[in-house]
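As stored in structure-v7.cif (mmCIF, C-alpha atoms; chains and numbers go by the auth columns):
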```cif
data_work
loop_
_atom_site.group_PDB
_atom_site.id
_atom_site.type_symbol
_atom_site.label_atom_id
_atom_site.label_comp_id
_atom_site.label_asym_id
_atom_site.label_seq_id
_atom_site.Cartn_x
_atom_site.Cartn_y
_atom_site.Cartn_z
_atom_site.B_iso_or_equiv
_atom_site.auth_seq_id
_atom_site.auth_asym_id
ATOM 1 C CA MET A 1 0.000 0.000 0.000 0.00 296 A
ATOM 2 C CA ASP A 2 1.287 3.456 -0.827 0.00 297 A
ATOM 3 C CA LYS A 3 1.216 6.579 1.365 0.00 298 A
ATOM 4 C CA GLU A 4 -2.031 7.770 -0.208 0.00 299 A
ATOM 5 C CA GLY A 5 -3.743 4.469 0.574 0.00 300 A
ATOM 6 C CA PHE A 6 -2.451 4.532 4.145 0.00 301 A
ATOM 7 C CA ASN A 7 -3.682 8.104 4.576 0.00 302 A
ATOM 8 C CA THR A 8 -7.097 7.096 3.222 0.00 303 A
ATOM 9 C CA GLN A 9 -7.398 4.337 5.827 0.00 304 A
ATOM 10 C CA LYS A 10 -6.237 6.708 8.584 0.00 305 A
ATOM 11 C CA GLU A 11 -8.810 9.285 7.460 0.00 306 A
ATOM 12 C CA LEU A 12 -11.569 6.660 7.486 0.00 307 A
ATOM 13 C CA TRP A 13 -10.752 6.025 11.145 0.00 308 A
ATOM 14 C CA HIS A 14 -10.603 9.722 11.941 0.00 309 A
ATOM 15 C CA ASN A 15 -13.973 10.356 10.274 0.00 310 A
ATOM 16 C CA SER A 16 -15.654 7.346 11.888 0.00 311 A
ATOM 17 C CA GLY A 17 -16.298 9.271 15.111 0.00 312 A
ATOM 18 C CA ILE A 18 -15.844 6.099 17.144 0.00 313 A
ATOM 19 C CA ALA A 19 -14.847 7.063 20.687 0.00 314 A
ATOM 20 C CA ASN A 20 -15.779 3.914 22.631 0.00 315 A
ATOM 21 C CA TYR A 21 -14.331 0.603 21.547 0.00 316 A
ATOM 22 C CA SER A 22 -12.510 -2.525 22.602 0.00 317 A
ATOM 23 C CA TYR A 23 -10.039 -4.773 20.845 0.00 318 A
ATOM 24 C CA THR A 24 -7.164 -7.182 21.329 0.00 319 A
ATOM 25 C CA TYR A 25 -3.768 -5.589 20.715 0.00 320 A
ATOM 26 C CA SER A 26 -0.761 -7.742 19.914 0.00 321 A
ATOM 27 C CA TRP A 27 2.720 -6.315 19.591 0.00 322 A
ATOM 28 C CA ASP A 28 5.758 -8.349 18.740 0.00 323 A
ATOM 29 C CA SER A 29 9.138 -6.897 17.966 0.00 324 A
ATOM 30 C CA TYR A 30 12.834 -7.466 17.931 0.00 325 A
ATOM 31 C CA PRO A 31 14.466 -6.495 20.193 0.00 326 A
ATOM 32 C CA PRO A 32 11.761 -8.409 22.070 0.00 327 A
ATOM 33 C CA HIS A 33 8.822 -6.581 23.617 0.00 328 A
ATOM 34 C CA ASP A 34 6.037 -9.053 22.873 0.00 329 A
ATOM 35 C CA MET A 35 2.660 -8.557 24.514 0.00 330 A
ATOM 36 C CA ILE A 36 -1.047 -9.174 24.080 0.00 331 A
ATOM 37 C CA LEU A 37 -3.558 -6.828 25.699 0.00 332 A
ATOM 38 C CA ASP A 38 -7.335 -6.662 25.801 0.00 333 A
ATOM 39 C CA VAL A 39 -7.959 -2.938 25.430 0.00 334 A
ATOM 40 C CA THR A 40 -11.019 -0.845 26.256 0.00 335 A
ATOM 41 C CA VAL A 41 -11.286 2.806 25.243 0.00 336 A
ATOM 42 C CA GLU A 42 -14.187 4.875 26.576 0.00 337 A
ATOM 43 C CA GLY A 43 -13.683 8.452 25.503 0.00 338 A
ATOM 44 C CA GLU A 44 -10.490 9.595 27.190 0.00 339 A
ATOM 45 C CA ASN A 45 -10.296 6.555 29.499 0.00 340 A
ATOM 46 C CA ILE A 46 -7.996 3.763 28.365 0.00 341 A
ATOM 47 C CA SER A 47 -7.772 0.503 30.239 0.00 342 A
ATOM 48 C CA TYR A 48 -6.269 -2.845 29.411 0.00 343 A
ATOM 49 C CA GLU A 49 -5.846 -6.332 30.727 0.00 344 A
ATOM 50 C CA LEU A 50 -2.481 -7.957 30.162 0.00 345 A
ATOM 51 C CA ILE A 51 -3.065 -11.367 28.533 0.00 346 A
ATOM 52 C CA GLU A 52 0.513 -12.239 27.596 0.00 347 A
ATOM 53 C CA TYR A 53 3.838 -10.523 28.212 0.00 348 A
ATOM 54 C CA ARG A 54 7.319 -11.574 27.130 0.00 349 A
ATOM 55 C CA GLY A 55 6.285 -15.198 26.752 0.00 350 A
ATOM 56 C CA LYS A 56 4.336 -15.371 30.009 0.00 351 A
ATOM 57 C CA LYS A 57 0.646 -16.234 30.000 0.00 352 A
ATOM 58 C CA LYS A 58 -1.859 -14.246 32.067 0.00 353 A
ATOM 59 C CA SER A 59 -1.581 -16.446 35.170 0.00 354 A
ATOM 60 C CA GLU A 60 2.250 -16.184 35.134 0.00 355 A
ATOM 61 C CA ILE A 61 2.444 -12.390 34.828 0.00 356 A
ATOM 62 C CA THR A 62 3.794 -10.735 37.971 0.00 357 A
ATOM 63 C CA ASP A 63 3.334 -7.241 39.381 0.00 358 A
ATOM 64 C CA GLU A 64 6.960 -6.586 38.364 0.00 359 A
ATOM 65 C CA ASP A 65 6.040 -7.456 34.766 0.00 360 A
ATOM 66 C CA LYS A 66 3.150 -4.984 34.880 0.00 361 A
ATOM 67 C CA ILE A 67 5.412 -2.243 36.248 0.00 362 A
ATOM 68 C CA SER A 68 8.001 -3.029 33.565 0.00 363 A
ATOM 69 C CA LEU A 69 5.351 -2.672 30.859 0.00 364 A
ATOM 70 C CA GLU A 70 4.122 0.642 32.260 0.00 365 A
ATOM 71 C CA LYS A 71 7.687 1.992 32.114 0.00 366 A
ATOM 72 C CA ILE A 72 8.149 1.226 28.414 0.00 367 A
ATOM 73 C CA PHE A 73 4.626 1.530 27.075 0.00 368 A
ATOM 74 C CA ALA A 74 2.236 4.435 27.693 0.00 369 A
ATOM 75 C CA LYS A 75 -1.482 3.592 27.613 0.00 370 A
ATOM 76 C CA GLU A 76 -2.084 6.440 25.147 0.00 371 A
ATOM 77 C CA LYS A 77 -0.290 4.362 22.499 0.00 372 A
ATOM 78 C CA LEU A 78 -3.326 2.063 22.520 0.00 373 A
ATOM 79 C CA LEU A 79 -5.665 4.649 20.986 0.00 374 A
ATOM 80 C CA ILE A 80 -6.260 3.616 17.375 0.00 375 A
ATOM 81 C CA GLU A 81 -5.337 7.105 16.129 0.00 376 A
ATOM 82 C CA ASN A 82 -2.014 6.819 17.975 0.00 377 A
ATOM 83 C CA ILE A 83 -1.327 3.434 16.415 0.00 378 A
ATOM 84 C CA TYR A 84 -1.746 5.093 13.024 0.00 379 A
ATOM 85 C CA LYS A 85 0.627 7.897 14.148 0.00 380 A
ATOM 86 C CA TYR A 86 3.187 5.360 15.394 0.00 381 A
ATOM 87 C CA ILE A 87 3.135 3.529 12.078 0.00 382 A
ATOM 88 C CA GLU A 88 3.390 6.761 10.107 0.00 383 A
ATOM 89 C CA THR A 89 6.382 7.927 12.171 0.00 384 A
ATOM 90 C CA SER A 90 8.073 4.521 11.829 0.00 385 A
ATOM 91 C CA ILE A 91 7.736 4.616 8.063 0.00 386 A
ATOM 92 C CA GLU A 92 9.017 8.203 7.879 0.00 387 A
ATOM 93 C CA ASP A 93 12.032 7.301 10.040 0.00 388 A
ATOM 94 C CA ALA A 94 12.757 4.262 7.874 0.00 389 A
ATOM 95 C CA TYR A 95 12.621 6.413 4.740 0.00 390 A
ATOM 96 C CA LYS A 96 15.078 8.894 6.287 0.00 391 A
ATOM 97 C CA SER A 97 17.458 6.027 7.057 0.00 392 A
ATOM 98 C CA TYR A 98 17.149 4.752 3.511 0.00 393 A
ATOM 99 C CA LYS A 99 17.813 8.222 2.056 0.00 394 A
ATOM 100 C CA LYS A 100 20.900 8.560 4.258 0.00 395 A
ATOM 101 C CA TYR A 101 22.238 5.048 3.529 0.00 396 A
ATOM 102 C CA PRO A 102 20.647 3.853 0.265 0.00 397 A
ATOM 103 C CA ASN A 103 23.281 1.147 -0.313 0.00 398 A
ATOM 104 C CA TYR A 104 23.069 -0.298 3.187 0.00 399 A
ATOM 105 C CA TYR A 105 19.476 0.002 4.357 0.00 400 A
ATOM 106 C CA TYR A 106 16.662 -2.461 3.687 0.00 401 A
ATOM 107 C CA ASN A 107 13.060 -2.029 4.761 0.00 402 A
ATOM 108 C CA ASN A 108 9.886 -4.001 4.125 0.00 403 A
ATOM 109 C CA VAL A 109 6.406 -2.913 5.255 0.00 404 A
ATOM 110 C CA ILE A 110 3.279 -5.070 5.223 0.00 405 A
ATOM 111 C CA PHE A 111 -0.267 -3.864 5.932 0.00 406 A
ATOM 112 C CA GLU A 112 -3.644 -5.536 6.097 0.00 407 A
ATOM 113 C CA PHE A 113 -6.682 -3.302 5.897 0.00 408 A
ATOM 114 C CA THR A 114 -10.410 -3.898 6.072 0.00 409 A
ATOM 115 C CA ASN A 115 -13.513 -1.942 5.097 0.00 410 A
ATOM 116 C CA GLN A 116 -14.706 -1.862 8.700 0.00 411 A
ATOM 117 C CA ALA A 117 -13.367 0.019 11.711 0.00 412 A
ATOM 118 C CA PRO A 118 -10.599 0.276 12.712 0.00 413 A
ATOM 119 C CA PHE A 119 -9.736 -0.150 8.999 0.00 414 A
ATOM 120 C CA MET A 120 -6.312 -1.611 9.778 0.00 415 A
ATOM 121 C CA THR A 121 -5.799 -5.061 11.253 0.00 416 A
ATOM 122 C CA TYR A 122 -2.116 -5.811 10.732 0.00 417 A
ATOM 123 C CA TYR A 123 1.177 -3.989 10.317 0.00 418 A
ATOM 124 C CA LYS A 124 4.708 -5.325 10.106 0.00 419 A
ATOM 125 C CA MET A 125 7.910 -3.481 9.363 0.00 420 A
ATOM 126 C CA GLU A 126 11.208 -5.272 8.943 0.00 421 A
ATOM 127 C CA ALA A 127 14.373 -3.227 8.735 0.00 422 A
ATOM 128 C CA GLU A 128 18.016 -4.090 8.322 0.00 423 A
ATOM 129 C CA PHE A 129 21.071 -1.879 8.241 0.00 424 A
ATOM 130 C CA MET A 130 24.112 -3.615 6.791 0.00 425 A
ATOM 131 C CA GLU A 131 27.318 -1.692 6.392 0.00 426 A
ATOM 132 C CA LYS A 132 30.165 -3.148 4.340 0.00 427 A
ATOM 133 C CA ASN A 133 32.522 -5.191 6.554 0.00 428 A
ATOM 134 C CA ALA A 134 30.320 -4.605 9.593 0.00 429 A
ATOM 135 C CA LEU A 135 27.768 -6.575 11.537 0.00 430 A
ATOM 136 C CA GLY A 136 24.201 -5.755 10.502 0.00 431 A
ATOM 137 C CA ASN A 137 21.434 -4.467 12.725 0.00 432 A
ATOM 138 C CA TRP A 138 18.062 -6.085 12.193 0.00 433 A
ATOM 139 C CA GLY A 139 14.700 -5.546 13.793 0.00 434 A
ATOM 140 C CA TYR A 140 10.960 -5.645 13.269 0.00 435 A
ATOM 141 C CA ASP A 141 7.700 -4.341 14.662 0.00 436 A
ATOM 142 C CA GLU A 142 4.492 -6.300 14.256 0.00 437 A
ATOM 143 C CA ILE A 143 1.086 -5.041 15.401 0.00 438 A
ATOM 144 C CA LYS A 144 -2.215 -6.903 15.206 0.00 439 A
ATOM 145 C CA ILE A 145 -5.638 -5.475 15.992 0.00 440 A
ATOM 146 C CA GLU A 146 -8.236 -8.211 16.501 0.00 441 A
ATOM 147 C CA ASN A 147 -11.704 -8.618 18.005 0.00 442 A
ATOM 148 C CA PHE A 148 -12.560 -4.951 17.428 0.00 443 A
ATOM 149 C CA LYS A 149 -15.967 -3.916 18.814 0.00 444 A
ATOM 150 C CA VAL A 150 -17.694 -0.557 18.971 0.00 445 A
ATOM 151 C CA LEU A 151 -19.047 0.082 22.472 0.00 446 A
ATOM 152 C CA PRO A 152 -22.124 2.157 23.372 0.00 447 A
#
```
Could you rewrite the structure in this file as structure tokens?
Amino acid sequence: MDKEGFNTQKELWHNSGIANYSYTYSWDSYPPHDMILDVTVEGENISYELIEYRGKKKSEITDEDKISLEKIFAKEKLLIENIYKYIETSIEDAYKSYKKYPNYYYNNVIFEFTNQAPFMTYYKMEAEFMEKNALGNWGYDEIKIENFKVLP
């Protein structure tokens, strides 16, 4: 999908007027920060239940794990509009890296969109920086939005 298509999907969300919703948020990345959350957004109030975190299932998650998550991940990131912003910023940063190092930078972005809110269900960005005669840096971000429901 090109930038125009992405912006169209983002605008569909913005124009939907949906303020109350719930969904399951999955984030996997390298370096590892994997988590699954059941999220509820009611206006300005954002709450979540931690289902899985760094390989631990719900019953294994400790208070220390919850504190660790709160330190690295602000609840505001769970608003759908902020997920769109995060993705947009990630793509812009990747493009800047490519422009700076066109012979050494690789990036691949995958999206899955739908015709229903939240209009995006999957995003994955893989990036690799490989300098001649140097060890490469590789990483990825993967976000899934599932079980989306509009709340009254």
Suppose you want the space between atom CA of A:Ser321 and atom CA of A:Ile438; what is it in Å?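 Between atom CA of A:Ser321 and atom CA of A:Ile438 the gap is 5.6 Å.
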Just how far from atom CA of A:Glu347 is atom CA of A:Asn315, in Å to one decimal?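 Here the two named atoms are 23.5 Å from each other.
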Residues in the PyMOL selection byres ((chain A and resi 374) around 12), expressed as a PyMOL selection string: chain A and resi 308-309+313-320+334-343+369-373+375-381+413+440
Expected file: the selected residues, C-alpha atoms, as a PDB file, in the coordinates of the input:
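Saved to again_24.pdb:
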```
ATOM      1  CA  TRP A 308     -10.752   6.025  11.145  1.00  0.00           C
ATOM      2  CA  HIS A 309     -10.603   9.722  11.941  1.00  0.00           C
ATOM      3  CA  ILE A 313     -15.844   6.099  17.144  1.00  0.00           C
ATOM      4  CA  ALA A 314     -14.847   7.063  20.687  1.00  0.00           C
ATOM      5  CA  ASN A 315     -15.779   3.914  22.631  1.00  0.00           C
ATOM      6  CA  TYR A 316     -14.331   0.603  21.547  1.00  0.00           C
ATOM      7  CA  SER A 317     -12.510  -2.525  22.602  1.00  0.00           C
ATOM      8  CA  TYR A 318     -10.039  -4.773  20.845  1.00  0.00           C
ATOM      9  CA  THR A 319      -7.164  -7.182  21.329  1.00  0.00           C
ATOM     10  CA  TYR A 320      -3.768  -5.589  20.715  1.00  0.00           C
ATOM     11  CA  VAL A 334      -7.959  -2.938  25.430  1.00  0.00           C
ATOM     12  CA  THR A 335     -11.019  -0.845  26.256  1.00  0.00           C
ATOM     13  CA  VAL A 336     -11.286   2.806  25.243  1.00  0.00           C
ATOM     14  CA  GLU A 337     -14.187   4.875  26.576  1.00  0.00           C
ATOM     15  CA  GLY A 338     -13.683   8.452  25.503  1.00  0.00           C
ATOM     16  CA  GLU A 339     -10.490   9.595  27.190  1.00  0.00           C
ATOM     17  CA  ASN A 340     -10.296   6.555  29.499  1.00  0.00           C
ATOM     18  CA  ILE A 341      -7.996   3.763  28.365  1.00  0.00           C
ATOM     19  CA  SER A 342      -7.772   0.503  30.239  1.00  0.00           C
ATOM     20  CA  TYR A 343      -6.269  -2.845  29.411  1.00  0.00           C
ATOM     21  CA  ALA A 369       2.236   4.435  27.693  1.00  0.00           C
ATOM     22  CA  LYS A 370      -1.482   3.592  27.613  1.00  0.00           C
ATOM     23  CA  GLU A 371      -2.084   6.440  25.147  1.00  0.00           C
ATOM     24  CA  LYS A 372      -0.290   4.362  22.499  1.00  0.00           C
ATOM     25  CA  LEU A 373      -3.326   2.063  22.520  1.00  0.00           C
ATOM     26  CA  ILE A 375      -6.260   3.616  17.375  1.00  0.00           C
ATOM     27  CA  GLU A 376      -5.337   7.105  16.129  1.00  0.00           C
ATOM     28  CA  ASN A 377      -2.014   6.819  17.975  1.00  0.00           C
ATOM     29  CA  ILE A 378      -1.327   3.434  16.415  1.00  0.00           C
ATOM     30  CA  TYR A 379      -1.746   5.093  13.024  1.00  0.00           C
ATOM     31  CA  LYS A 380       0.627   7.897  14.148  1.00  0.00           C
ATOM     32  CA  TYR A 381       3.187   5.360  15.394  1.00  0.00           C
ATOM     33  CA  PRO A 413     -10.599   0.276  12.712  1.00  0.00           C
ATOM     34  CA  ILE A 440      -5.638  -5.475  15.992  1.00  0.00           C
TER      35      ILE A 440
END
```
May I ask for the distance between atom CA of A:Leu364 and atom CA of A:Gly434, given in Å to one decimal place? 19.7 Å
For the file shown, what are the residues hit by the PyMOL selection byres ((chain A and resi 423) around 9), laid out as JSON, numbers by chain? {"A": [399, 400, 401, 402, 421, 422, 424, 425, 431, 432, 433, 434, 435]}
Compile the contact shell of A:Asp436 as a PyMOL selection string: residues with an atom at most 6 Å away, counting all atoms listed in the file, same-chain residues fewer than 2 positions apart removed. chain A and resi 324+419-420
So what does the PyMOL selection byres ((chain A and resi 410) around 12) actually pick up in this one, as a CSV table (one decimal) with C-alpha atoms, keeping the file's coordinate frame?
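Result file out_4.csv:
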```csv
chain,number,residue,atom,x,y,z
A,303,THR,CA,-7.1,7.1,3.2
A,304,GLN,CA,-7.4,4.3,5.8
A,305,LYS,CA,-6.2,6.7,8.6
A,307,LEU,CA,-11.6,6.7,7.5
A,308,TRP,CA,-10.8,6.0,11.1
A,311,SER,CA,-15.7,7.3,11.9
A,407,GLU,CA,-3.6,-5.5,6.1
A,408,PHE,CA,-6.7,-3.3,5.9
A,409,THR,CA,-10.4,-3.9,6.1
A,411,GLN,CA,-14.7,-1.9,8.7
A,412,ALA,CA,-13.4,0.0,11.7
A,413,PRO,CA,-10.6,0.3,12.7
A,414,PHE,CA,-9.7,-0.2,9.0
A,415,MET,CA,-6.3,-1.6,9.8
A,416,THR,CA,-5.8,-5.1,11.3
```
Return the single residue from A:Lys439, A:Ile405, A:Glu365, A:Ser392 that is closest to A:Tyr417, with distances computed using all atoms listed in the file.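 Nearest candidate to A:Tyr417 out of A:Lys439, A:Ile405, A:Glu365, A:Ser392: A:Lys439.
Nearest residue to A:Met330 among A:Ser385, A:Tyr396, A:Glu437, A:Glu299 is A:Glu437, counting only C-alpha atoms.
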Using the partial input, fill out stretch 331-364 of chain A with N, CA and C atoms; write the result as a PDB file, in the coordinates of the input.
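Result file follows (rebuild39.pdb):
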```pdb
ATOM      1  N   ILE A 331       0.331  -9.141  24.550  1.00  0.00           N
ATOM      2  CA  ILE A 331      -1.047  -9.174  24.080  1.00  0.00           C
ATOM      3  C   ILE A 331      -1.894  -8.534  25.169  1.00  0.00           C
ATOM      4  N   LEU A 332      -2.719  -7.565  24.757  1.00  0.00           N
ATOM      5  CA  LEU A 332      -3.558  -6.828  25.699  1.00  0.00           C
ATOM      6  C   LEU A 332      -4.996  -6.830  25.214  1.00  0.00           C
ATOM      7  N   ASP A 333      -5.940  -6.959  26.111  1.00  0.00           N
ATOM      8  CA  ASP A 333      -7.335  -6.662  25.801  1.00  0.00           C
ATOM      9  C   ASP A 333      -7.555  -5.211  26.215  1.00  0.00           C
ATOM     10  N   VAL A 334      -7.899  -4.384  25.246  1.00  0.00           N
ATOM     11  CA  VAL A 334      -7.959  -2.938  25.430  1.00  0.00           C
ATOM     12  C   VAL A 334      -9.406  -2.463  25.404  1.00  0.00           C
ATOM     13  N   THR A 335      -9.722  -1.519  26.275  1.00  0.00           N
ATOM     14  CA  THR A 335     -11.019  -0.845  26.256  1.00  0.00           C
ATOM     15  C   THR A 335     -10.763   0.660  26.276  1.00  0.00           C
ATOM     16  N   VAL A 336     -11.384   1.346  25.318  1.00  0.00           N
ATOM     17  CA  VAL A 336     -11.286   2.806  25.243  1.00  0.00           C
ATOM     18  C   VAL A 336     -12.697   3.355  25.364  1.00  0.00           C
ATOM     19  N   GLU A 337     -12.902   4.205  26.376  1.00  0.00           N
ATOM     20  CA  GLU A 337     -14.187   4.875  26.576  1.00  0.00           C
ATOM     21  C   GLU A 337     -13.896   6.360  26.690  1.00  0.00           C
ATOM     22  N   GLY A 338     -14.035   7.035  25.552  1.00  0.00           N
ATOM     23  CA  GLY A 338     -13.683   8.452  25.503  1.00  0.00           C
ATOM     24  C   GLY A 338     -12.203   8.631  25.754  1.00  0.00           C
ATOM     25  N   GLU A 339     -11.889   9.342  26.831  1.00  0.00           N
ATOM     26  CA  GLU A 339     -10.490   9.595  27.190  1.00  0.00           C
ATOM     27  C   GLU A 339      -9.905   8.503  28.093  1.00  0.00           C
ATOM     28  N   ASN A 340     -10.746   7.599  28.577  1.00  0.00           N
ATOM     29  CA  ASN A 340     -10.296   6.555  29.499  1.00  0.00           C
ATOM     30  C   ASN A 340      -9.825   5.327  28.730  1.00  0.00           C
ATOM     31  N   ILE A 341      -8.604   4.929  29.011  1.00  0.00           N
ATOM     32  CA  ILE A 341      -7.996   3.763  28.365  1.00  0.00           C
ATOM     33  C   ILE A 341      -7.646   2.765  29.451  1.00  0.00           C
ATOM     34  N   SER A 342      -8.136   1.553  29.294  1.00  0.00           N
ATOM     35  CA  SER A 342      -7.772   0.503  30.239  1.00  0.00           C
ATOM     36  C   SER A 342      -7.396  -0.740  29.440  1.00  0.00           C
ATOM     37  N   TYR A 343      -6.637  -1.607  30.078  1.00  0.00           N
ATOM     38  CA  TYR A 343      -6.269  -2.845  29.411  1.00  0.00           C
ATOM     39  C   TYR A 343      -6.040  -3.948  30.433  1.00  0.00           C
ATOM     40  N   GLU A 344      -6.161  -5.154  29.939  1.00  0.00           N
ATOM     41  CA  GLU A 344      -5.846  -6.332  30.727  1.00  0.00           C
ATOM     42  C   GLU A 344      -4.709  -7.040  30.005  1.00  0.00           C
ATOM     43  N   LEU A 345      -3.649  -7.309  30.719  1.00  0.00           N
ATOM     44  CA  LEU A 345      -2.481  -7.957  30.162  1.00  0.00           C
ATOM     45  C   LEU A 345      -2.749  -9.453  30.035  1.00  0.00           C
ATOM     46  N   ILE A 346      -2.765  -9.956  28.802  1.00  0.00           N
ATOM     47  CA  ILE A 346      -3.065 -11.367  28.533  1.00  0.00           C
ATOM     48  C   ILE A 346      -1.785 -12.185  28.403  1.00  0.00           C
ATOM     49  N   GLU A 347      -0.767 -11.573  27.788  1.00  0.00           N
ATOM     50  CA  GLU A 347       0.513 -12.239  27.596  1.00  0.00           C
ATOM     51  C   GLU A 347       1.599 -11.171  27.572  1.00  0.00           C
ATOM     52  N   TYR A 348       2.745 -11.492  28.181  1.00  0.00           N
ATOM     53  CA  TYR A 348       3.838 -10.523  28.212  1.00  0.00           C
ATOM     54  C   TYR A 348       5.169 -11.250  28.249  1.00  0.00           C
ATOM     55  N   ARG A 349       5.982 -10.984  27.241  1.00  0.00           N
ATOM     56  CA  ARG A 349       7.319 -11.574  27.130  1.00  0.00           C
ATOM     57  C   ARG A 349       7.301 -13.090  27.365  1.00  0.00           C
ATOM     58  N   GLY A 350       6.374 -13.744  26.695  1.00  0.00           N
ATOM     59  CA  GLY A 350       6.285 -15.198  26.752  1.00  0.00           C
ATOM     60  C   GLY A 350       5.527 -15.758  27.938  1.00  0.00           C
ATOM     61  N   LYS A 351       5.078 -14.907  28.843  1.00  0.00           N
ATOM     62  CA  LYS A 351       4.336 -15.371  30.009  1.00  0.00           C
ATOM     63  C   LYS A 351       2.844 -15.238  29.758  1.00  0.00           C
ATOM     64  N   LYS A 352       2.108 -16.273  30.093  1.00  0.00           N
ATOM     65  CA  LYS A 352       0.646 -16.234  30.000  1.00  0.00           C
ATOM     66  C   LYS A 352       0.087 -15.445  31.188  1.00  0.00           C
ATOM     67  N   LYS A 353      -1.191 -15.097  31.083  1.00  0.00           N
ATOM     68  CA  LYS A 353      -1.859 -14.246  32.067  1.00  0.00           C
ATOM     69  C   LYS A 353      -1.602 -14.678  33.514  1.00  0.00           C
ATOM     70  N   SER A 354      -1.731 -15.964  33.794  1.00  0.00           N
ATOM     71  CA  SER A 354      -1.581 -16.446  35.170  1.00  0.00           C
ATOM     72  C   SER A 354      -0.135 -16.380  35.665  1.00  0.00           C
ATOM     73  N   GLU A 355       0.834 -16.236  34.763  1.00  0.00           N
ATOM     74  CA  GLU A 355       2.250 -16.184  35.134  1.00  0.00           C
ATOM     75  C   GLU A 355       2.781 -14.755  35.261  1.00  0.00           C
ATOM     76  N   ILE A 356       1.994 -13.782  34.842  1.00  0.00           N
ATOM     77  CA  ILE A 356       2.444 -12.390  34.828  1.00  0.00           C
ATOM     78  C   ILE A 356       2.470 -11.842  36.253  1.00  0.00           C
ATOM     79  N   THR A 357       3.605 -11.255  36.615  1.00  0.00           N
ATOM     80  CA  THR A 357       3.794 -10.735  37.971  1.00  0.00           C
ATOM     81  C   THR A 357       3.537  -9.229  38.010  1.00  0.00           C
ATOM     82  N   ASP A 358       3.452  -8.692  39.221  1.00  0.00           N
ATOM     83  CA  ASP A 358       3.334  -7.241  39.381  1.00  0.00           C
ATOM     84  C   ASP A 358       4.563  -6.539  38.806  1.00  0.00           C
ATOM     85  N   GLU A 359       5.734  -7.157  38.939  1.00  0.00           N
ATOM     86  CA  GLU A 359       6.960  -6.586  38.364  1.00  0.00           C
ATOM     87  C   GLU A 359       6.848  -6.482  36.845  1.00  0.00           C
ATOM     88  N   ASP A 360       6.249  -7.497  36.216  1.00  0.00           N
ATOM     89  CA  ASP A 360       6.040  -7.456  34.766  1.00  0.00           C
ATOM     90  C   ASP A 360       5.146  -6.280  34.386  1.00  0.00           C
ATOM     91  N   LYS A 361       4.081  -6.082  35.153  1.00  0.00           N
ATOM     92  CA  LYS A 361       3.150  -4.984  34.880  1.00  0.00           C
ATOM     93  C   LYS A 361       3.839  -3.631  35.029  1.00  0.00           C
ATOM     94  N   ILE A 362       4.662  -3.494  36.046  1.00  0.00           N
ATOM     95  CA  ILE A 362       5.412  -2.243  36.248  1.00  0.00           C
ATOM     96  C   ILE A 362       6.395  -2.040  35.103  1.00  0.00           C
ATOM     97  N   SER A 363       7.060  -3.096  34.687  1.00  0.00           N
ATOM     98  CA  SER A 363       8.001  -3.029  33.565  1.00  0.00           C
ATOM     99  C   SER A 363       7.302  -2.548  32.302  1.00  0.00           C
ATOM    100  N   LEU A 364       6.118  -3.087  32.038  1.00  0.00           N
ATOM    101  CA  LEU A 364       5.351  -2.672  30.859  1.00  0.00           C
ATOM    102  C   LEU A 364       4.982  -1.197  30.947  1.00  0.00           C
TER     103      LEU A 364
END
```
